[in-house]
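In what follows, a single structure is set out as structure tokens and then discussed.
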Amino acid sequence: MNRKIAVVAAIAIITIIAGIGTYYLILLPHPTTQTPPTIVSHTHLIETDENTSITFYKVIGVVRNNLETNIESVNVTATFFDAESNLIAIRNASTESKIIEPDQRVPFEVYLLLDLAKEAPDRYELTLSYVKTSKETIAGLEIVNRNWHVNETTGYHIVTGEIQNKGQQKASGVKILCTYYDSEGNVKAVSHTYISSTLYGGEKAAFEISSEPHKISSDSDFELLIVVGSYDRLPIVNYALFAILAVGFLSFIIYMKKYRGW
């Protein structure tokens, strides 16, 4: 009898242990290792400002947020070296958008001023820093239509369209960026334009972005990004309070005229 009890107890213990193991191994979610945000593509260009004749060595690239949460304070550090691996300079730049949502790609540009006596860097290295955040981007601005073509004479890529504020806040300092990619998804150039007027709820504004001075082929892909300088809440008129104050003011006038001889 004791032996049967021992066998039953052993079977019960084994069943409990197996059940607990199954629960932790199968039923409970396993922690997943997330890929951190990365610089998915980058290249460099040498540009000369036509107005100032200043020449820049410019690194352009795209940061993608691979996490499941938003990130902010995204900073790219470029370290430049000469042909003998001597350090030339270190420059920093933030991504164009302050907050990057999951799976979103945002461009950046790092500038290095080239003096007349200084050669262009032989190579550069990029590092990325960021901070996870619970802050949300303010939705509301959308590109409601767009068209594009490549100018046959200049070779510049032209994007035209309209942007609309579908939110309840007024938007100012609106910037539209266009990132160009080749057929393999490598970044080629970044250009932008500003919306000069403030956009109130429901308003639209036309825009045009040119890739000048970069010539972009017709088979290139492009991606538009909206960056807003500031959102301001519109003043809310409290009509009930206004009516109460108006009635009170009129009652005061009537009282003063009737009883105080105004």
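The way I read the labels, and the way they are meant: chains A, B, ... in the order of the structure tokens, residue 1 as the first residue of every chain, and ligand 1 as the first ligand shown, with later ones counted on from there.
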Check stretch 21-172 of chain A with DSSP on the backbone and list each residue it calls strand (DSSP E), as a short mmCIF file (atom, residue, chain, number, x, y, z; two decimals) with N, CA and C atoms, in the first residue's frame.
data_model
loop_
_atom_site.label_atom_id
_atom_site.label_comp_id
_atom_site.auth_asym_id
_atom_site.auth_seq_id
_atom_site.Cartn_x
_atom_site.Cartn_y
_atom_site.Cartn_z
N THR A 38 19.86 51.84 -36.63
CA THR A 38 21.09 51.73 -37.42
C THR A 38 21.11 52.77 -38.53
N ILE A 39 22.31 53.06 -39.00
CA ILE A 39 22.49 53.86 -40.20
C ILE A 39 22.45 52.88 -41.37
N VAL A 40 21.36 52.88 -42.09
CA VAL A 40 21.15 51.84 -43.11
C VAL A 40 21.86 52.15 -44.42
N SER A 41 22.15 53.42 -44.66
CA SER A 41 22.83 53.78 -45.90
C SER A 41 23.46 55.15 -45.75
N HIS A 42 24.61 55.36 -46.39
CA HIS A 42 25.25 56.67 -46.34
C HIS A 42 26.20 56.81 -47.52
N THR A 43 26.50 58.03 -47.87
CA THR A 43 27.45 58.33 -48.93
C THR A 43 28.00 59.74 -48.68
N HIS A 44 28.93 60.18 -49.51
CA HIS A 44 29.50 61.51 -49.34
C HIS A 44 29.51 62.26 -50.66
N LEU A 45 29.47 63.57 -50.54
CA LEU A 45 29.48 64.46 -51.69
C LEU A 45 30.37 65.66 -51.38
N ILE A 46 30.86 66.30 -52.41
CA ILE A 46 31.58 67.56 -52.25
C ILE A 46 30.77 68.64 -52.97
N GLU A 47 30.34 69.65 -52.21
CA GLU A 47 29.49 70.69 -52.74
C GLU A 47 30.11 72.06 -52.50
N THR A 48 29.83 72.98 -53.40
CA THR A 48 30.27 74.37 -53.28
C THR A 48 29.06 75.27 -53.30
N THR A 55 33.26 75.51 -49.97
CA THR A 55 33.17 74.12 -50.35
C THR A 55 33.04 73.25 -49.11
N PHE A 56 32.12 72.31 -49.18
CA PHE A 56 31.87 71.39 -48.08
C PHE A 56 32.10 69.95 -48.52
N TYR A 57 32.61 69.16 -47.61
CA TYR A 57 32.59 67.70 -47.74
C TYR A 57 31.38 67.25 -46.92
N LYS A 58 30.39 66.72 -47.58
CA LYS A 58 29.12 66.42 -46.92
C LYS A 58 28.85 64.92 -46.91
N VAL A 59 28.53 64.41 -45.72
CA VAL A 59 28.11 63.02 -45.56
C VAL A 59 26.60 63.01 -45.36
N ILE A 60 25.92 62.28 -46.20
CA ILE A 60 24.47 62.15 -46.07
C ILE A 60 24.14 60.68 -45.83
N GLY A 61 23.11 60.45 -45.08
CA GLY A 61 22.72 59.07 -44.78
C GLY A 61 21.31 59.01 -44.23
N VAL A 62 20.92 57.80 -43.86
CA VAL A 62 19.56 57.56 -43.36
C VAL A 62 19.64 56.68 -42.12
N VAL A 63 18.94 57.09 -41.06
CA VAL A 63 18.83 56.31 -39.83
C VAL A 63 17.46 55.64 -39.80
N ARG A 64 17.44 54.36 -39.51
CA ARG A 64 16.17 53.64 -39.37
C ARG A 64 16.01 53.18 -37.93
N ASN A 70 9.48 54.75 -29.85
CA ASN A 70 10.05 55.94 -30.47
C ASN A 70 11.42 56.25 -29.88
N ILE A 71 12.24 56.95 -30.66
CA ILE A 71 13.54 57.41 -30.17
C ILE A 71 13.67 58.90 -30.46
N GLU A 72 14.51 59.57 -29.66
CA GLU A 72 14.77 60.99 -29.85
C GLU A 72 16.25 61.27 -29.58
N SER A 73 16.64 62.55 -29.72
CA SER A 73 18.04 62.94 -29.53
C SER A 73 18.96 62.05 -30.35
N VAL A 74 18.56 61.80 -31.58
CA VAL A 74 19.34 60.94 -32.47
C VAL A 74 20.48 61.76 -33.07
N ASN A 75 21.70 61.37 -32.76
CA ASN A 75 22.88 62.12 -33.17
C ASN A 75 23.86 61.22 -33.92
N VAL A 76 24.39 61.76 -35.01
CA VAL A 76 25.37 61.03 -35.83
C VAL A 76 26.71 61.76 -35.72
N THR A 77 27.75 61.02 -35.37
CA THR A 77 29.10 61.58 -35.27
C THR A 77 29.94 61.03 -36.41
N ALA A 78 30.53 61.94 -37.17
CA ALA A 78 31.40 61.56 -38.29
C ALA A 78 32.85 61.90 -37.93
N THR A 79 33.71 60.90 -38.03
CA THR A 79 35.13 61.08 -37.77
C THR A 79 35.87 60.96 -39.10
N PHE A 80 36.61 61.99 -39.49
CA PHE A 80 37.26 62.04 -40.80
C PHE A 80 38.76 61.77 -40.67
N PHE A 81 39.29 61.00 -41.64
CA PHE A 81 40.71 60.62 -41.64
C PHE A 81 41.32 60.92 -43.00
N LEU A 87 43.79 61.63 -37.95
CA LEU A 87 42.51 62.29 -37.68
C LEU A 87 42.52 63.70 -38.26
N ILE A 88 41.48 64.00 -39.03
CA ILE A 88 41.33 65.34 -39.60
C ILE A 88 40.38 66.18 -38.77
N ALA A 89 39.19 65.62 -38.51
CA ALA A 89 38.18 66.39 -37.78
C ALA A 89 37.07 65.44 -37.32
N ILE A 90 36.27 65.94 -36.37
CA ILE A 90 35.09 65.22 -35.90
C ILE A 90 33.91 66.20 -35.97
N ARG A 91 32.84 65.77 -36.60
CA ARG A 91 31.66 66.61 -36.72
C ARG A 91 30.41 65.82 -36.30
N ASN A 92 29.43 66.56 -35.77
CA ASN A 92 28.19 65.94 -35.32
C ASN A 92 26.99 66.57 -36.03
N ALA A 93 25.94 65.80 -36.11
CA ALA A 93 24.68 66.31 -36.68
C ALA A 93 23.53 65.47 -36.15
N SER A 94 22.39 66.12 -36.01
CA SER A 94 21.18 65.42 -35.60
C SER A 94 20.37 65.03 -36.83
N ILE A 99 11.95 63.21 -33.39
CA ILE A 99 11.45 61.92 -32.92
C ILE A 99 11.30 61.00 -34.12
N ILE A 100 11.84 59.78 -33.98
CA ILE A 100 11.75 58.80 -35.06
C ILE A 100 10.89 57.64 -34.58
N ARG A 105 12.36 55.85 -41.45
CA ARG A 105 13.69 56.23 -41.92
C ARG A 105 13.77 57.76 -42.00
N VAL A 106 14.83 58.30 -41.43
CA VAL A 106 15.00 59.76 -41.38
C VAL A 106 16.41 60.10 -41.83
N PRO A 107 16.57 61.07 -42.73
CA PRO A 107 17.92 61.41 -43.22
C PRO A 107 18.68 62.32 -42.26
N PHE A 108 19.99 62.38 -42.47
CA PHE A 108 20.87 63.30 -41.75
C PHE A 108 21.93 63.80 -42.72
N GLU A 109 22.55 64.92 -42.36
CA GLU A 109 23.62 65.51 -43.16
C GLU A 109 24.70 66.04 -42.23
N VAL A 110 25.93 65.63 -42.45
CA VAL A 110 27.07 66.10 -41.67
C VAL A 110 27.99 66.89 -42.60
N TYR A 111 28.33 68.12 -42.18
CA TYR A 111 29.13 69.00 -43.03
C TYR A 111 30.54 69.17 -42.46
N LEU A 112 31.52 69.15 -43.36
CA LEU A 112 32.91 69.47 -43.03
C LEU A 112 33.39 70.55 -43.98
N LEU A 113 33.71 71.71 -43.44
CA LEU A 113 34.18 72.82 -44.26
C LEU A 113 35.58 72.53 -44.77
N LEU A 114 35.77 72.66 -46.07
CA LEU A 114 37.08 72.40 -46.68
C LEU A 114 37.79 73.73 -46.92
N ARG A 123 38.66 58.98 -45.90
CA ARG A 123 37.58 58.13 -45.43
C ARG A 123 36.97 58.73 -44.17
N TYR A 124 35.86 58.14 -43.74
CA TYR A 124 35.20 58.60 -42.52
C TYR A 124 34.53 57.41 -41.84
N GLU A 125 34.28 57.58 -40.55
CA GLU A 125 33.56 56.57 -39.78
C GLU A 125 32.37 57.23 -39.09
N LEU A 126 31.27 56.51 -38.99
CA LEU A 126 30.05 57.05 -38.40
C LEU A 126 29.65 56.27 -37.16
N THR A 127 29.23 56.99 -36.15
CA THR A 127 28.66 56.37 -34.95
C THR A 127 27.30 57.02 -34.67
N LEU A 128 26.44 56.26 -34.02
CA LEU A 128 25.06 56.70 -33.80
C LEU A 128 24.72 56.63 -32.31
N SER A 129 24.06 57.67 -31.81
CA SER A 129 23.55 57.66 -30.44
C SER A 129 22.09 58.11 -30.46
N TYR A 130 21.33 57.65 -29.46
CA TYR A 130 19.90 57.95 -29.41
C TYR A 130 19.40 57.70 -27.99
N VAL A 131 18.16 58.11 -27.75
CA VAL A 131 17.50 57.90 -26.46
C VAL A 131 16.09 57.40 -26.74
N LYS A 132 15.69 56.33 -26.04
CA LYS A 132 14.31 55.87 -26.15
C LYS A 132 13.39 56.89 -25.50
N THR A 133 12.19 57.05 -26.04
CA THR A 133 11.27 58.04 -25.49
C THR A 133 9.83 57.56 -25.63
N LEU A 141 -0.25 66.83 -40.36
CA LEU A 141 0.16 67.27 -41.69
C LEU A 141 0.33 66.08 -42.62
N GLU A 142 -0.28 66.17 -43.78
CA GLU A 142 -0.20 65.10 -44.76
C GLU A 142 0.01 65.67 -46.16
N ILE A 143 0.71 64.92 -46.98
CA ILE A 143 0.85 65.28 -48.39
C ILE A 143 -0.32 64.64 -49.13
N VAL A 144 -1.23 65.47 -49.62
CA VAL A 144 -2.48 64.96 -50.18
C VAL A 144 -2.35 64.57 -51.64
N ASN A 145 -1.40 65.12 -52.34
CA ASN A 145 -1.14 64.66 -53.71
C ASN A 145 0.28 65.07 -54.09
N ARG A 146 0.84 64.35 -55.01
CA ARG A 146 2.19 64.65 -55.46
C ARG A 146 2.39 64.15 -56.87
N ASN A 147 3.29 64.81 -57.56
CA ASN A 147 3.71 64.39 -58.90
C ASN A 147 5.21 64.62 -59.01
N TRP A 148 5.83 63.91 -59.91
CA TRP A 148 7.27 64.09 -60.06
C TRP A 148 7.68 63.84 -61.51
N HIS A 149 8.80 64.43 -61.88
CA HIS A 149 9.38 64.21 -63.19
C HIS A 149 10.85 64.59 -63.13
N VAL A 150 11.59 64.16 -64.11
CA VAL A 150 13.00 64.53 -64.25
C VAL A 150 13.12 65.49 -65.42
N TYR A 156 17.56 67.38 -63.23
CA TYR A 156 17.12 67.50 -61.84
C TYR A 156 15.77 66.82 -61.64
N HIS A 157 15.65 66.19 -60.50
CA HIS A 157 14.41 65.50 -60.11
C HIS A 157 13.48 66.53 -59.46
N ILE A 158 12.25 66.66 -59.94
CA ILE A 158 11.32 67.67 -59.46
C ILE A 158 10.09 66.98 -58.87
N VAL A 159 9.76 67.32 -57.62
CA VAL A 159 8.55 66.82 -56.97
C VAL A 159 7.64 68.00 -56.67
N THR A 160 6.39 67.92 -57.11
CA THR A 160 5.41 68.97 -56.81
C THR A 160 4.22 68.33 -56.12
N GLY A 161 3.50 69.13 -55.35
CA GLY A 161 2.33 68.60 -54.67
C GLY A 161 1.72 69.60 -53.73
N GLU A 162 0.86 69.10 -52.86
CA GLU A 162 0.21 69.93 -51.84
C GLU A 162 0.33 69.26 -50.48
N ILE A 163 0.48 70.07 -49.45
CA ILE A 163 0.49 69.58 -48.09
C ILE A 163 -0.71 70.19 -47.37
N GLN A 164 -1.38 69.38 -46.56
CA GLN A 164 -2.58 69.85 -45.86
C GLN A 164 -2.46 69.61 -44.37
N ASN A 165 -2.92 70.58 -43.60
CA ASN A 165 -2.97 70.44 -42.15
C ASN A 165 -4.34 69.89 -41.79
N GLN A 169 -4.26 72.18 -34.85
CA GLN A 169 -3.24 73.12 -34.41
C GLN A 169 -2.66 73.84 -35.61
N LYS A 170 -2.15 75.04 -35.39
CA LYS A 170 -1.49 75.74 -36.49
C LYS A 170 -0.03 75.31 -36.54
N ALA A 171 0.46 75.07 -37.74
CA ALA A 171 1.82 74.59 -37.94
C ALA A 171 2.64 75.67 -38.63
N SER A 172 3.82 75.94 -38.09
CA SER A 172 4.72 76.92 -38.70
C SER A 172 6.11 76.31 -38.82
#
**OP:** Report the residues of stretch 58-255 of chain A whose backbone DSSP state falls under helix (DSSP H, G or I), written as a PyMOL selection string.
**Re:** chain A and resi 239-255
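Using only C-alpha atoms, the nearest neighbour of A:Leu224 within the list A:Thr198, A:Thr193, A:Thr179, A:Ser53 is A:Thr179.
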Subject >> Two-atom distance - atom CA of A:Asp221, atom CA of A:Ser183 (Å) >> reply: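 If I compute the distance from atom CA of A:Asp221 to atom CA of A:Ser183, I get 7.0 Å.
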Original post:
Of the residues A:Ser211, A:Gly202, A:Ser197, A:Lys166, which is the one nearest to A:Cys178, using only C-alpha atoms?
Top reply: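 Answer, going by the shortest atom-to-atom distance: A:Ser211.
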